[in-house]
Every structure is written in C-alpha cells, then in structure tokens.
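Structure file input_33.cif; described as mmCIF, C-alpha atoms and all ligand atoms.
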```cif
data_structure
#
loop_
_atom_site.label_atom_id
_atom_site.label_comp_id
_atom_site.auth_asym_id
_atom_site.auth_seq_id
_atom_site.Cartn_x
_atom_site.Cartn_y
_atom_site.Cartn_z
CA MET A 1 66.82 12.32 -101.42
CA LYS A 2 63.74 12.54 -99.28
CA LEU A 3 60.19 12.09 -100.50
CA GLY A 4 57.64 14.67 -99.42
CA LEU A 5 54.15 13.51 -100.22
CA ASN A 6 51.61 16.07 -101.29
CA ILE A 7 48.23 14.65 -100.27
CA ASP A 8 46.01 17.48 -101.55
CA HIS A 9 44.31 15.26 -104.08
CA ILE A 10 43.09 12.80 -101.48
CA ALA A 11 41.11 15.80 -100.25
CA THR A 12 40.08 16.69 -103.82
CA LEU A 13 38.48 13.26 -104.14
CA ARG A 14 36.81 13.52 -100.75
CA ASN A 15 35.41 16.95 -101.55
CA ALA A 16 33.94 15.70 -104.84
CA ARG A 17 31.16 14.09 -102.76
CA GLY A 18 31.33 16.46 -99.82
CA GLY A 19 31.58 13.55 -97.38
CA VAL A 20 34.42 11.99 -95.41
CA GLU A 21 35.82 9.44 -97.89
CA PRO A 22 38.66 9.00 -98.59
CA ASP A 23 39.87 9.98 -95.13
CA VAL A 24 42.74 12.43 -95.47
CA LEU A 25 44.35 11.61 -92.11
CA GLU A 26 44.29 7.88 -92.87
CA GLY A 27 45.87 8.65 -96.24
CA ALA A 28 48.64 10.67 -94.62
CA LYS A 29 49.33 7.83 -92.18
CA LEU A 30 49.52 5.30 -95.02
CA CYS A 31 51.97 7.53 -96.91
CA ILE A 32 54.30 7.72 -93.91
CA GLU A 33 54.00 3.99 -93.16
CA ASN A 34 55.01 3.24 -96.74
CA GLY A 35 58.08 5.41 -96.99
CA ALA A 36 57.14 9.08 -97.33
CA ASP A 37 59.47 11.24 -95.26
CA SER A 38 57.05 14.11 -94.85
CA ILE A 39 53.50 15.18 -95.59
CA THR A 40 52.79 18.29 -97.64
CA THR A 41 49.41 20.01 -97.70
CA HIS A 42 48.54 23.14 -99.61
CA LEU A 43 45.96 25.16 -97.70
CA ARG A 44 44.64 27.32 -100.51
CA GLU A 45 42.85 30.57 -99.99
CA ASP A 46 39.67 29.03 -101.48
CA ARG A 47 40.09 25.74 -99.49
CA ARG A 48 39.35 23.79 -102.66
CA HIS A 49 40.99 20.61 -101.36
CA ILE A 50 42.73 20.66 -97.97
CA LYS A 51 40.67 22.33 -95.20
CA ASP A 52 41.88 23.91 -91.97
CA GLU A 53 40.62 20.92 -89.96
CA ASP A 54 42.72 18.51 -92.09
CA VAL A 55 45.94 20.36 -91.36
CA LYS A 56 45.17 20.58 -87.63
CA LEU A 57 44.41 16.85 -87.43
CA ILE A 58 47.53 15.88 -89.35
CA ARG A 59 49.62 18.13 -87.13
CA LYS A 60 48.12 16.54 -84.01
CA GLU A 61 48.12 12.89 -85.07
CA ILE A 62 51.21 12.46 -87.25
CA LYS A 63 54.71 12.63 -85.89
CA ALA A 64 56.41 12.93 -89.27
CA LYS A 65 57.42 16.30 -90.70
CA LEU A 66 54.53 18.49 -91.86
CA ASN A 67 55.18 20.93 -94.67
CA LEU A 68 52.45 23.54 -95.11
CA GLU A 69 52.25 25.09 -98.56
CA MET A 70 50.65 28.50 -98.47
CA ALA A 71 50.36 31.86 -100.16
CA MET A 72 52.11 34.95 -98.84
CA THR A 73 49.02 36.38 -97.12
CA ASP A 74 48.45 37.65 -93.58
CA GLU A 75 45.80 34.98 -93.01
CA MET A 76 48.23 32.18 -93.87
CA GLN A 77 51.02 33.66 -91.80
CA GLU A 78 48.69 33.72 -88.79
CA ILE A 79 47.65 30.10 -89.36
CA ALA A 80 51.28 28.99 -89.69
CA LEU A 81 52.33 30.80 -86.53
CA SER A 82 49.54 29.19 -84.54
CA LEU A 83 49.80 25.70 -86.08
CA LYS A 84 53.63 25.62 -86.10
CA PRO A 85 54.22 23.12 -88.92
CA ASP A 86 57.81 21.91 -89.21
CA ALA A 87 58.12 23.68 -92.54
CA VAL A 88 56.22 26.09 -94.74
CA CYS A 89 56.62 26.51 -98.45
CA ILE A 90 55.47 29.86 -99.77
CA VAL A 91 53.81 29.60 -103.17
CA PRO A 92 52.13 32.03 -105.55
CA GLU A 93 48.39 31.55 -105.73
CA LYS A 94 45.80 32.58 -108.26
CA ARG A 95 42.16 31.70 -107.77
CA GLN A 96 41.56 30.63 -111.38
CA GLU A 97 44.57 28.32 -111.71
CA VAL A 98 44.14 24.54 -111.71
CA THR A 99 47.45 24.08 -109.89
CA THR A 100 50.40 26.26 -108.90
CA GLU A 101 51.51 27.77 -112.19
CA GLY A 102 55.04 29.11 -112.11
CA GLY A 103 57.15 30.12 -109.18
CA LEU A 104 56.81 32.97 -106.73
CA ASP A 105 58.19 36.29 -107.95
CA ILE A 106 60.13 36.99 -104.78
CA ALA A 107 62.58 39.33 -106.53
CA GLY A 108 59.65 41.60 -107.36
CA GLN A 109 58.43 41.78 -103.73
CA LEU A 110 61.58 41.42 -101.69
CA GLU A 111 60.67 43.79 -98.85
CA ARG A 112 57.34 42.04 -98.31
CA GLY A 113 59.17 38.70 -98.49
CA ILE A 114 61.66 39.69 -95.81
CA SER A 115 58.95 40.84 -93.40
CA PHE A 116 56.81 37.77 -94.14
CA VAL A 117 59.59 35.21 -93.65
CA LYS A 118 61.18 36.59 -90.48
CA PRO A 119 58.42 35.82 -87.93
CA LEU A 120 58.15 32.29 -89.33
CA VAL A 121 61.89 31.64 -89.03
CA ASP A 122 61.87 33.22 -85.56
CA ALA A 123 59.11 30.77 -84.58
CA GLY A 124 61.42 27.87 -85.47
CA ILE A 125 59.70 26.99 -88.75
CA GLU A 126 61.79 26.00 -91.78
CA VAL A 127 60.83 28.37 -94.56
CA SER A 128 61.05 27.52 -98.23
CA LEU A 129 60.16 29.65 -101.25
CA PHE A 130 58.75 27.97 -104.35
CA ILE A 131 60.56 29.65 -107.23
CA ASP A 132 61.48 29.10 -110.84
CA PRO A 133 65.08 28.04 -111.51
CA ASP A 134 66.22 31.60 -112.12
CA LYS A 135 69.31 33.21 -110.60
CA GLU A 136 67.61 36.47 -109.71
CA GLN A 137 64.86 34.63 -107.84
CA VAL A 138 67.34 32.39 -106.02
CA LEU A 139 69.31 35.39 -104.81
CA ALA A 140 66.16 37.18 -103.68
CA ALA A 141 64.99 34.05 -101.84
CA HIS A 142 68.30 33.97 -100.00
CA LYS A 143 67.92 37.63 -99.05
CA THR A 144 64.57 36.95 -97.34
CA GLY A 145 66.30 34.82 -94.70
CA ALA A 146 64.53 31.61 -95.80
CA GLN A 147 66.63 28.48 -95.29
CA PHE A 148 65.22 26.57 -98.28
CA ILE A 149 64.03 27.05 -101.80
CA GLU A 150 61.86 24.62 -103.71
CA LEU A 151 62.58 24.71 -107.42
CA HIS A 152 59.55 24.51 -109.71
CA THR A 153 60.13 21.47 -111.90
CA GLY A 154 57.07 22.07 -114.09
CA THR A 155 58.99 23.24 -117.14
CA TYR A 156 61.29 20.22 -116.89
CA ALA A 157 58.32 17.85 -116.45
CA ASN A 158 56.40 19.36 -119.37
CA SER A 159 59.41 19.21 -121.66
CA PHE A 160 60.49 15.71 -120.65
CA GLY A 161 61.23 13.64 -123.75
CA THR A 162 61.28 16.68 -126.06
CA ASP A 163 64.15 18.77 -127.41
CA LYS A 164 63.50 21.32 -124.65
CA GLU A 165 64.20 18.86 -121.83
CA GLU A 166 67.96 19.46 -121.66
CA GLN A 167 67.61 23.21 -121.28
CA ALA A 168 64.96 22.86 -118.58
CA PHE A 169 67.04 20.28 -116.75
CA ASN A 170 70.20 22.41 -116.94
CA ASP A 171 68.29 25.38 -115.53
CA LEU A 172 67.38 23.27 -112.48
CA LYS A 173 70.96 22.08 -112.07
CA THR A 174 72.48 25.56 -112.39
CA ALA A 175 69.94 27.08 -109.98
CA THR A 176 70.62 24.32 -107.44
CA GLU A 177 74.37 24.86 -107.61
CA TYR A 178 73.94 28.61 -107.21
CA ALA A 179 71.56 28.17 -104.27
CA HIS A 180 73.99 25.80 -102.56
CA SER A 181 76.79 28.36 -103.00
CA LEU A 182 74.62 30.82 -101.05
CA GLY A 183 74.02 28.29 -98.28
CA LEU A 184 70.41 27.51 -99.22
CA LYS A 185 69.02 24.00 -99.05
CA VAL A 186 67.15 22.96 -102.17
CA ASN A 187 63.94 20.98 -102.64
CA ALA A 188 62.17 20.45 -105.94
CA GLY A 189 58.73 19.55 -107.15
CA HIS A 190 55.76 19.91 -109.47
CA GLY A 191 54.88 17.54 -112.26
CA LEU A 192 57.41 14.91 -111.22
CA ASN A 193 56.26 11.39 -112.01
CA TYR A 194 57.47 7.78 -112.25
CA GLN A 195 58.99 8.43 -115.69
CA ASN A 196 60.78 11.76 -115.22
CA VAL A 197 61.85 11.71 -111.56
CA HIS A 198 65.08 9.75 -112.12
CA ARG A 199 66.97 12.74 -113.53
CA MET A 200 66.73 14.50 -110.17
CA HIS A 201 69.56 12.16 -109.08
CA GLU A 202 71.83 13.93 -111.58
CA ILE A 203 71.55 17.09 -109.50
CA ASN A 204 73.89 16.96 -106.52
CA GLY A 205 72.54 17.64 -103.08
CA LEU A 206 68.81 18.02 -103.69
CA TYR A 207 67.24 17.57 -100.28
CA GLU A 208 63.61 16.64 -100.86
CA LEU A 209 61.22 16.10 -103.75
CA ASN A 210 57.59 17.06 -103.19
CA ILE A 211 55.34 14.91 -105.30
CA GLY A 212 51.57 14.61 -105.31
CA HIS A 213 49.49 14.19 -108.43
CA SER A 214 51.35 11.28 -110.02
CA ILE A 215 51.38 9.25 -106.80
CA ILE A 216 47.70 9.78 -105.99
CA SER A 217 46.87 8.98 -109.63
CA ARG A 218 48.85 5.75 -109.53
CA ALA A 219 47.18 4.88 -106.24
CA VAL A 220 43.86 4.63 -108.08
CA PHE A 221 45.25 1.59 -109.93
CA VAL A 222 47.65 -0.08 -107.49
CA GLY A 223 46.66 1.29 -104.08
CA LEU A 224 48.27 4.08 -102.10
CA ALA A 225 50.75 1.88 -100.22
CA LYS A 226 52.23 0.45 -103.42
CA ALA A 227 52.21 3.79 -105.24
CA VAL A 228 54.19 5.38 -102.40
CA GLN A 229 56.60 2.45 -102.12
CA GLU A 230 57.31 2.55 -105.85
CA MET A 231 58.06 6.27 -105.79
CA LYS A 232 60.16 5.95 -102.66
CA THR A 233 62.32 3.38 -104.44
CA LEU A 234 62.86 5.80 -107.33
CA VAL A 235 63.61 8.78 -105.08
CA LYS A 236 65.81 7.43 -102.32
N1 LIG A 301 55.50 21.56 -104.76
C1 LIG A 301 54.68 22.63 -104.77
C2 LIG A 301 55.17 23.89 -104.17
C3 LIG A 301 53.37 22.55 -105.32
O1 LIG A 301 52.58 23.64 -105.34
C4 LIG A 301 52.92 21.32 -105.82
C5 LIG A 301 51.54 21.20 -106.38
O2 LIG A 301 50.61 21.52 -105.42
C6 LIG A 301 53.80 20.22 -105.75
C7 LIG A 301 55.08 20.38 -105.25
C8 LIG A 301 53.39 18.88 -106.22
O3 LIG A 301 53.12 18.89 -107.57
P1 LIG A 301 52.47 17.62 -108.27
O4 LIG A 301 51.13 17.43 -107.65
O5 LIG A 301 52.45 17.98 -109.70
O6 LIG A 301 53.38 16.46 -107.94
#
```
In structure tokens, what does this structure look like?
Amino acid sequence: MKLGLNIDHIATLRNARGGVEPDVLEGAKLCIENGADSITTHLREDRRHIKDEDVKLIRKEIKAKLNLEMAMTDEMQEIALSLKPDAVCIVPEKRQEVTTEGGLDIAGQLERGISFVKPLVDAGIEVSLFIDPDKEQVLAAHKTGAQFIELHTGTYANSFGTDKEEQAFNDLKTATEYAHSLGLKVNAGHGLNYQNVHRMHEINGLYELNIGHSIISRAVFVGLAKAVQEMKTLVK
C-alpha cells in the first residue's frame, strides 16, 4: 500500500502565528524524502490551512504525486484545471466543521457529479471521490466516470477497540470488494493512526492510505522524518 501524506496541519501550525514557520514546502519535501509516496493538500473554501500559494509551490517544486483535496465547486474545478495536480479527491465541505465529517453524497447529486468529474478526467487528472463505505455511494461514484474512490475510515477509526469496530471494518472491506468489481481503484483515509492502521492490510488491494493528523501530531514529539518513516513501515 502507498502512503499519501496529508500536510494540511503543517499549514495549520504556520497560520497560528500568521508567519512562515513551519515552512509547508520544506515539510512536503521531508515527507517525500522519508517515504511518503504522495502529498495531499486540502484547499478549503475558507483557506483555513493550505493556501493557493502553497499548492502552486508544491506543484512546481516537488516531483512526487500531488493529490488535491477539494470541494465540488466551480472555483475548485477551475483551480484544478489550471494547476493540473496528478490527482484530485472530491470531498464534502461545510464551513463549521473541524475536519471532513462523513463522505460525499454523490448518489444524491449524480448529474452534477458526472459533469464535474468529466473535464478533470479529460484533462488527465486522476479523480477520486471521498465517500462512506456504502454500496449506493460506490455505484454512484463509478457512474461519474471517476477512476478512484477514497473510503472514509472515520467510523472505523472512532470505533477501534470497541464492539462496533468489526462492523465498521467489514463495511470498509465489503465496499472495497464491490468497488473493485466495478473496476474502481480504492484509497482510504481519515482518522487512521499508528494503532489502527494495521487492519487496512486485511483488505485486499487497497491502493493508498491518506493520513495526516496522526503523523503531524507524532512529529511534534519525534520529528517529522521519524514520524513519516514509522508510518511508512506500518503501511507498506
Ligand atoms: N482523506 C481525506 C479525504 C480527508 O479529508 C482527510 C482529512 O483532511 C484525510 C484523508 C486525512 O485524515 P486525518 O488527518 O484524520 O489522517
């Protein structure tokens, strides 16, 4: 499995003081040098962490795969088409949320999804939809023409170690198998950490895990290089 590193919270820390430290580009470089296979940035509508300039710089200076997380808005589609990241992951976005809560309801907006995804795929960008492990959503994601889905692992992560873990894990496994049967490639992420990530190996054929908060948190204690190396060992 590949490790996609979500570096949003390097920018969160930088923005806390409004200055330039820690440097987001330097952080992205360190992540790649220490085993991350790709860099993920979520350019939110309110720009609360990653800013437009960060994404442009990373695109220009880093050769590794760039995955741009974004909402399904005209503004973001325009940015993606001009920036041409290797991949985009379309996520739901609410201004008040602390982080992405729940997957995109693509089944409920399929026509919009189809017209949103097509120009991105035509531009040579890999498109992924961040959805809950739900059959109806997987099928709708497939119908948009996206090549990937990213399964929201939040329910699994929150239930890890409780009597709800097995159900949440089985939902991820079943959704992955169904997506594969449709020809979709499957990524996963949200809330994965050093304790709960190992079970992702029990799901055949997951392509990439996108992990952010736990790695940046661990970096506070052991440094970013070591935090990335440790996670890479668990993921690969
Ligand atoms: N994947 C997606 C689509 C996300 O929105 C996020 C959170 O921004 C992540 C993965 C990473 O989640 P976490 O920071 O909990 O590892």
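Counting all atoms listed in the file, the residue from A:Cys31, A:Ala179, A:Leu104, A:Val91 that sits nearest to ligand LIG 301 (chain A) is A:Val91.
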Next on the checklist: Please return as a PyMOL selection string the residues found within 9 Å of ligand LIG 301 (chain A), counting only C-alpha atoms and all ligand atoms.
Outcome noted: chain A and resi 4-9+40-42+69-70+89-93+99-101+103+129-131+150-154+157+187-193+209-216
Neighbours of range 19-23 of chain A within 8 Å (all atoms listed in the file; same-chain residues fewer than 6 positions away dropped), as a PDB file with C-alpha atoms, in the coordinates of the input?
```pdb
ATOM      1  CA  ILE A  10      43.090  12.800-101.480  1.00  0.00           C
ATOM      2  CA  ALA A  11      41.110  15.800-100.250  1.00  0.00           C
ATOM      3  CA  LEU A  13      38.480  13.260-104.140  1.00  0.00           C
TER       4      LEU A  13
END
```
Next on the checklist: Residues within 10 Å of range 76-88 of chain A, please, as JSON, numbers by chain. Count all atoms listed in the file; anything in the same chain fewer than 4 positions from it doesn't count.
Outcome noted: {"A": [38, 40, 41, 42, 43, 44, 45, 52, 55, 56, 58, 59, 60, 64, 65, 66, 67, 68, 69, 70, 71, 72, 116, 117, 119, 120, 121, 122, 123, 124, 125, 126, 127, 128, 129, 148]}
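The interatomic distance for the pair CA of Leu139 in chain A and CA of Glu177 in chain A works out to 12.0 Å.
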Checklist outcome for this item: Counting all atoms listed in the file, closest pick from A:Ala107, A:Lys2, A:Ala146, A:Asn158 relative to Asp134 in chain A is A:Ala107
Copy range 124-136 of chain A out of the block into a file, keeping N, CA and C atoms, as a CSV table (one decimal), in the first residue's frame.
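Output contents, as saved in selection_21.csv:
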```
chain,number,residue,atom,x,y,z
A,124,GLY,N,-6.6,14.7,-17.9
A,124,GLY,CA,-5.6,13.7,-17.5
A,124,GLY,C,-5.4,13.6,-16.0
A,125,ILE,N,-6.3,14.2,-15.2
A,125,ILE,CA,-6.2,14.1,-13.7
A,125,ILE,C,-6.9,12.9,-13.2
A,126,GLU,N,-6.3,12.2,-12.3
A,126,GLU,CA,-7.0,11.0,-11.6
A,126,GLU,C,-8.0,11.6,-10.7
A,127,VAL,N,-9.2,11.1,-10.8
A,127,VAL,CA,-10.3,11.7,-9.9
A,127,VAL,C,-10.8,10.6,-8.9
A,128,SER,N,-10.8,11.0,-7.7
A,128,SER,CA,-11.3,10.2,-6.6
A,128,SER,C,-12.4,10.9,-5.9
A,129,LEU,N,-13.4,10.1,-5.4
A,129,LEU,CA,-14.5,10.6,-4.6
A,129,LEU,C,-14.4,10.1,-3.2
A,130,PHE,N,-14.5,11.0,-2.2
A,130,PHE,CA,-14.3,10.6,-0.8
A,130,PHE,C,-15.7,10.2,-0.3
A,131,ILE,N,-16.0,8.9,-0.2
A,131,ILE,CA,-17.3,8.5,0.2
A,131,ILE,C,-17.3,7.5,1.4
A,132,ASP,N,-18.5,7.4,2.0
A,132,ASP,CA,-18.7,6.4,3.0
A,132,ASP,C,-18.7,5.0,2.4
A,133,PRO,N,-18.4,4.0,3.2
A,133,PRO,CA,-18.4,2.7,2.7
A,133,PRO,C,-19.8,2.1,2.5
A,134,ASP,N,-20.5,2.6,1.5
A,134,ASP,CA,-21.9,2.3,1.3
A,134,ASP,C,-22.1,2.0,-0.2
A,135,LYS,N,-22.8,0.9,-0.5
A,135,LYS,CA,-22.9,0.4,-1.8
A,135,LYS,C,-23.5,1.4,-2.8
A,136,GLU,N,-24.5,2.1,-2.4
A,136,GLU,CA,-25.2,3.0,-3.2
A,136,GLU,C,-24.2,4.2,-3.6
```
